[in-house]
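Taking it in order: structure first as structure tokens, then the write-up.
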2 protein chains.
Amino acid sequence: MSQAPNALQVPRPSLLFDLDGTLVDSVYQHVMAWQEALAGCGIALSVWRVHRRIGMSGGLFLSALQRETGLHLDRATLDELTRRHLEGYMQRAHGVVPLPGARELLGVLSAQRVPYAIATSGTLEVAGPALAMLDVPADVPVVTRDAVARAKPDPDLFLAAAQRLGTEPANAFVVGDSVWDLLAARRAGSLGIGLLSGGYGAEELQAAGAYRVYQDPADLLAHLEEVGVRP
Amino acid sequence: MSQAPNALQVPRPSLLFDLDGTLVDSVYQHVMAWQEALAGCGIALSVWRVHRRIGMSGGLFLSALQRETGLHLDRATLDELTRRHLEGYMQRAHGVVPLPGARELLGVLSAQRVPYAIATSGTLEVAGPALAMLDVPADVPVVTRDAVARAKPDPDLFLAAAQRLGTEPANAFVVGDSVWDLLAARRAGSLGIGLLSGGYGAEELQAAGAYRVYQDPADLLAHLEEVGVRP
């Protein structure tokens, strides 16, 4: 007789997705929009330094900016930067498309009844068009910057997303393209999956604690069994 | 009595610089120009994949593109892509500035009579304005794509630059922001110095063989003694 499997109840994982650079190919448009906003306010910051800050809270980005440039920016300038970034991003948004495999991945998760949510440091205004192009079903929880007190690398967005799914963060994988996602995942008590599609290198994502790194949503879809999703 | 130093003749190093992402902040403008050119020809390629190809020969970039997309592009399309990239880059070139410390670094090398040259996978048409904003003295050798049979990661550009300086490549450091610079440096027999200012992570540059990695020209300037340049 074969041995009976033991009675451990291991919950099936849920997935908590970042949006920009993870499901839609929008990071470089955000980078150029921020760089243009900064230059428009007379602030010189190398573009790679902007790139490495995408995905974190806009407020923390501006704090880091003040530290790195040694400038003190008043409230009016900070508001002006935020406004110019939004304007510059909207001008470039026509070039934003879903990342390869993003729609297919979400479709497979829906078909297999794997719970998932989306948690983004962006506002609903910016996230809306991206969500529309992904055909995200209306019952998928979406947590935007507007809904929490602190964005990434604080864990609030992912904690709220897990709560909306009715799951413990420890039973969820966070999927993101930036180190800020992976740091927030660790703060939340979730394992993090890194995607290269935001332009970070694999080693940077691993150093930030990624459990696994894939190229993009298509590559994650091709390896779903590695993160506990089985047909 | 103190010991006399021995009679070893260790040549002082020369420096062979890449241009885009190493001395001028132009990588992201090239990325967006290529992505726009590709989209204009109906070719979908994620932006991060374009980013990781910047700095290599345009011909090899297009070869890699055909492999990664599975497309076969005819001569007319390849010419069209090259033309559109140049046009898109020129539209964005007004936003290109020297990287922090670049002018100062070249000035210190000139003042200390450390031989240096510039070797770029770009054409003279694109490199000209960048060289002008760096105040590169007229006697500094500049080797562009037009001057050699094969660009990076082949070693030709750096070998030609070393030859123009009258030095052995083994006595030169290559300074670049991309893995293609560092791979070409190894082919040339030079040690490579990686800069983060093109948007690669430190670990990627180290994995490609970087002897040292600095943030940008200003950071290299602050650590010149680590690469054998002494006041």
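Labeling convention for the structure tokens: chains A, B, ... as they appear, residues from 1 per chain, ligands from 1 in order of appearance.
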
Residues of chain A at most 6 Å from chain B: nearest atom pair and distance in Å, only C-alpha atoms, as a tab-separated table:
residue	atom	partner	partner_atom	distance
A:Trp48	CA	B:Gly199	CA	4.9
A:Ser197	CA	B:Trp48	CA	5.7
A:Gly199	CA	B:Trp48	CA	4.9
A:Gly201	CA	B:Gly201	CA	5.8
A:Glu203	CA	B:Glu203	CA	5.9

Output for the residues just chosen: N, CA and C atoms as a short mmCIF file (atom, residue, chain, number, x, y, z; two decimals), in the first residue's frame:
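Resulting contents of result_39.cif:
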data_model
loop_
_atom_site.label_atom_id
_atom_site.label_comp_id
_atom_site.auth_asym_id
_atom_site.auth_seq_id
_atom_site.Cartn_x
_atom_site.Cartn_y
_atom_site.Cartn_z
N TRP A 48 19.77 57.98 -14.70
CA TRP A 48 19.81 56.66 -14.04
C TRP A 48 19.38 56.77 -12.57
N SER A 197 11.60 43.37 -16.23
CA SER A 197 10.96 44.24 -17.22
C SER A 197 10.90 45.70 -16.83
N GLY A 199 13.79 47.13 -15.85
CA GLY A 199 15.13 47.62 -16.17
C GLY A 199 16.17 47.45 -15.07
N GLY A 201 18.71 44.99 -12.97
CA GLY A 201 19.39 43.73 -13.23
C GLY A 201 18.95 42.65 -12.25
N GLU A 203 20.66 40.66 -10.47
CA GLU A 203 21.42 40.61 -9.23
C GLU A 203 20.93 41.65 -8.24
#

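If you count only C-alpha atoms and ignore residues fewer than 6 places along the chain from stretch 131-133 of chain A, what sits within 12 Å of it is Phe17, Asp18, Leu19, Asp20, Leu23, Val24, Asp25, Ala93, His94, Val96, Val97, Pro98, Leu99, Ala102, Arg103, Leu106, Ala117, Ile118, Ala119, Thr120, Gly122, Thr123, Leu124, Glu125, Val140, Pro141, Val142, Val143 and Thr144 of chain A.
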
#### Entry: Selection near A:Gly101, 6 Å with only C-alpha atoms, sequence-local residues under 3 positions removed, as a PyMOL selection string
chain A and resi 104-105+217-218

Those residues you just picked out, can you put them in a file as an mmCIF file, in the first residue's frame with N, CA and C atoms?
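Ended up saving to out22.cif:
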data_model
loop_
_atom_site.group_PDB
_atom_site.id
_atom_site.type_symbol
_atom_site.label_atom_id
_atom_site.label_comp_id
_atom_site.auth_asym_id
_atom_site.auth_seq_id
_atom_site.Cartn_x
_atom_site.Cartn_y
_atom_site.Cartn_z
ATOM 1 N N GLU A 104 -2.175 37.399 -20.617
ATOM 2 C CA GLU A 104 -2.294 35.940 -20.580
ATOM 3 C C GLU A 104 -2.120 35.422 -19.150
ATOM 4 N N LEU A 105 -1.141 35.969 -18.436
ATOM 5 C CA LEU A 105 -0.882 35.545 -17.059
ATOM 6 C C LEU A 105 -2.099 35.790 -16.181
ATOM 7 N N PRO A 217 6.262 39.079 -17.452
ATOM 8 C CA PRO A 217 5.101 38.238 -17.117
ATOM 9 C C PRO A 217 5.041 36.939 -17.934
ATOM 10 N N ALA A 218 5.463 36.986 -19.192
ATOM 11 C CA ALA A 218 5.435 35.767 -20.016
ATOM 12 C C ALA A 218 6.346 34.690 -19.434
#

If DSSP is run on the backbone, what residues of stretch 103-225 of chain A are strand (DSSP E or B)? A reply as a short mmCIF file (atom, residue, chain, number, x, y, z; two decimals) with C-alpha atoms, in the first residue's frame would be ideal.
data_model
loop_
_atom_site.label_atom_id
_atom_site.label_comp_id
_atom_site.auth_asym_id
_atom_site.auth_seq_id
_atom_site.Cartn_x
_atom_site.Cartn_y
_atom_site.Cartn_z
CA TYR A 116 -4.65 38.06 -7.15
CA ALA A 117 -4.65 41.79 -6.59
CA ILE A 118 -2.81 44.84 -7.93
CA ALA A 119 -0.99 47.29 -5.66
CA VAL A 142 -6.76 47.29 -6.95
CA VAL A 143 -4.98 49.31 -4.27
CA ALA A 172 1.05 35.69 -0.93
CA PHE A 173 3.82 36.30 -3.42
CA VAL A 174 4.54 39.90 -4.31
CA VAL A 175 5.45 40.33 -8.01
CA GLY A 176 7.38 43.48 -8.87
CA LEU A 191 8.02 36.35 -0.64
CA GLY A 192 8.97 38.57 -3.57
CA ILE A 193 9.22 37.66 -7.25
CA GLY A 194 11.35 40.03 -9.31
CA LEU A 195 10.80 40.81 -13.00
CA ALA A 210 13.80 38.19 -4.54
CA TYR A 211 12.81 34.56 -4.09
CA ARG A 212 12.90 34.11 -7.87
CA VAL A 213 13.60 36.42 -10.81
CA TYR A 214 11.94 36.15 -14.24
#

#### Entry: All residues 8 Å or closer to B:Pro115, only C-alpha atoms, same chain fewer than 6 positions away omitted, as number ranges by chain
B: 13-15, 109, 165

Output C-alpha atoms of each residue in that selection to a file, as a PDB file, in the first residue's frame.
ATOM      1  CA  PRO B  13      47.944  53.883 -17.187  1.00  0.00           C
ATOM      2  CA  SER B  14      46.033  55.573 -19.974  1.00  0.00           C
ATOM      3  CA  LEU B  15      42.227  55.817 -20.043  1.00  0.00           C
ATOM      4  CA  LEU B 109      43.554  64.110 -16.725  1.00  0.00           C
ATOM      5  CA  LEU B 165      47.562  56.991 -27.960  1.00  0.00           C
TER       6      LEU B 165
END

### Message
Just the number, please: distance in Å from atom CA of A:Pro169 to atom CA of A:Ser190, one decimal.
### Response
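Atom CA of A:Pro169 sits 5.3 Å away from atom CA of A:Ser190.
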
### Residue among A:Pro129, A:Gly42, A:Gly209, A:Gly59 lying closest to A:Ala149, counting only C-alpha atoms
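For A:Ala149, the nearest of the given residues is A:Gly59.
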
### Query
Could you name the residues that touch B:Arg230 at 12 Å or less, counting only C-alpha atoms, but leaving out those on the same chain fewer than 4 positions away, as a list in words?
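Listing them by chain and then by number gives Arg12, Pro13, Val108, Leu109, Ala111, Gln112, Arg113, Val114, Leu221, Ala222, His223, Leu224, Glu225 and Glu226 of chain B.
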
Only N, CA and C atoms, please: the residues just picked out, written as a PDB file, in the first residue's frame.
ATOM      1  N   ARG B  12      52.625  54.122 -16.534  1.00  0.00           N
ATOM      2  CA  ARG B  12      51.434  54.797 -16.006  1.00  0.00           C
ATOM      3  C   ARG B  12      50.271  54.481 -16.937  1.00  0.00           C
ATOM      4  N   PRO B  13      49.081  54.268 -16.335  1.00  0.00           N
ATOM      5  CA  PRO B  13      47.944  53.883 -17.187  1.00  0.00           C
ATOM      6  C   PRO B  13      47.390  55.042 -18.023  1.00  0.00           C
ATOM      7  N   VAL B 108      41.158  67.251 -15.271  1.00  0.00           N
ATOM      8  CA  VAL B 108      42.221  66.785 -14.365  1.00  0.00           C
ATOM      9  C   VAL B 108      43.195  65.881 -15.114  1.00  0.00           C
ATOM     10  N   LEU B 109      42.667  64.997 -15.961  1.00  0.00           N
ATOM     11  CA  LEU B 109      43.554  64.110 -16.725  1.00  0.00           C
ATOM     12  C   LEU B 109      44.458  64.925 -17.642  1.00  0.00           C
ATOM     13  N   ALA B 111      45.377  68.050 -17.255  1.00  0.00           N
ATOM     14  CA  ALA B 111      46.324  68.820 -16.438  1.00  0.00           C
ATOM     15  C   ALA B 111      47.452  67.928 -15.927  1.00  0.00           C
ATOM     16  N   GLN B 112      47.120  66.670 -15.644  1.00  0.00           N
ATOM     17  CA  GLN B 112      48.139  65.758 -15.120  1.00  0.00           C
ATOM     18  C   GLN B 112      48.829  64.976 -16.230  1.00  0.00           C
ATOM     19  N   ARG B 113      48.547  65.332 -17.476  1.00  0.00           N
ATOM     20  CA  ARG B 113      49.171  64.673 -18.623  1.00  0.00           C
ATOM     21  C   ARG B 113      48.960  63.149 -18.614  1.00  0.00           C
ATOM     22  N   VAL B 114      47.769  62.734 -18.180  1.00  0.00           N
ATOM     23  CA  VAL B 114      47.385  61.319 -18.301  1.00  0.00           C
ATOM     24  C   VAL B 114      46.757  61.153 -19.681  1.00  0.00           C
ATOM     25  N   LEU B 221      36.433  60.346 -10.467  1.00  0.00           N
ATOM     26  CA  LEU B 221      37.404  61.416 -10.204  1.00  0.00           C
ATOM     27  C   LEU B 221      37.821  61.418  -8.733  1.00  0.00           C
ATOM     28  N   ALA B 222      36.863  61.134  -7.848  1.00  0.00           N
ATOM     29  CA  ALA B 222      37.157  61.142  -6.411  1.00  0.00           C
ATOM     30  C   ALA B 222      37.971  59.925  -5.974  1.00  0.00           C
ATOM     31  N   HIS B 223      38.112  58.960  -6.866  1.00  0.00           N
ATOM     32  CA  HIS B 223      38.845  57.724  -6.516  1.00  0.00           C
ATOM     33  C   HIS B 223      39.947  57.415  -7.514  1.00  0.00           C
ATOM     34  N   LEU B 224      40.480  58.430  -8.160  1.00  0.00           N
ATOM     35  CA  LEU B 224      41.441  58.186  -9.256  1.00  0.00           C
ATOM     36  C   LEU B 224      42.656  57.381  -8.817  1.00  0.00           C
ATOM     37  N   GLU B 225      43.035  57.520  -7.551  1.00  0.00           N
ATOM     38  CA  GLU B 225      44.242  56.798  -7.109  1.00  0.00           C
ATOM     39  C   GLU B 225      44.011  55.285  -7.131  1.00  0.00           C
ATOM     40  N   GLU B 226      42.753  54.863  -7.112  1.00  0.00           N
ATOM     41  CA  GLU B 226      42.475  53.422  -7.151  1.00  0.00           C
ATOM     42  C   GLU B 226      42.795  52.810  -8.517  1.00  0.00           C
TER      43      GLU B 226
END

### Those of stretch 45-213 of chain B in DSSP helix (DSSP H, G or I), formatted as a ChimeraX atom specification
/B:47-51,58-69,75-95,102-111,124-133,145-147,156-165,169-171,179-188,196-198,202-207

### Task
Measure the distance from atom CA of A:Glu68 to atom CA of A:Ile54 in Å and round it to one decimal.
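Going from atom CA of A:Glu68 over to atom CA of A:Ile54, I get 15.2 Å.
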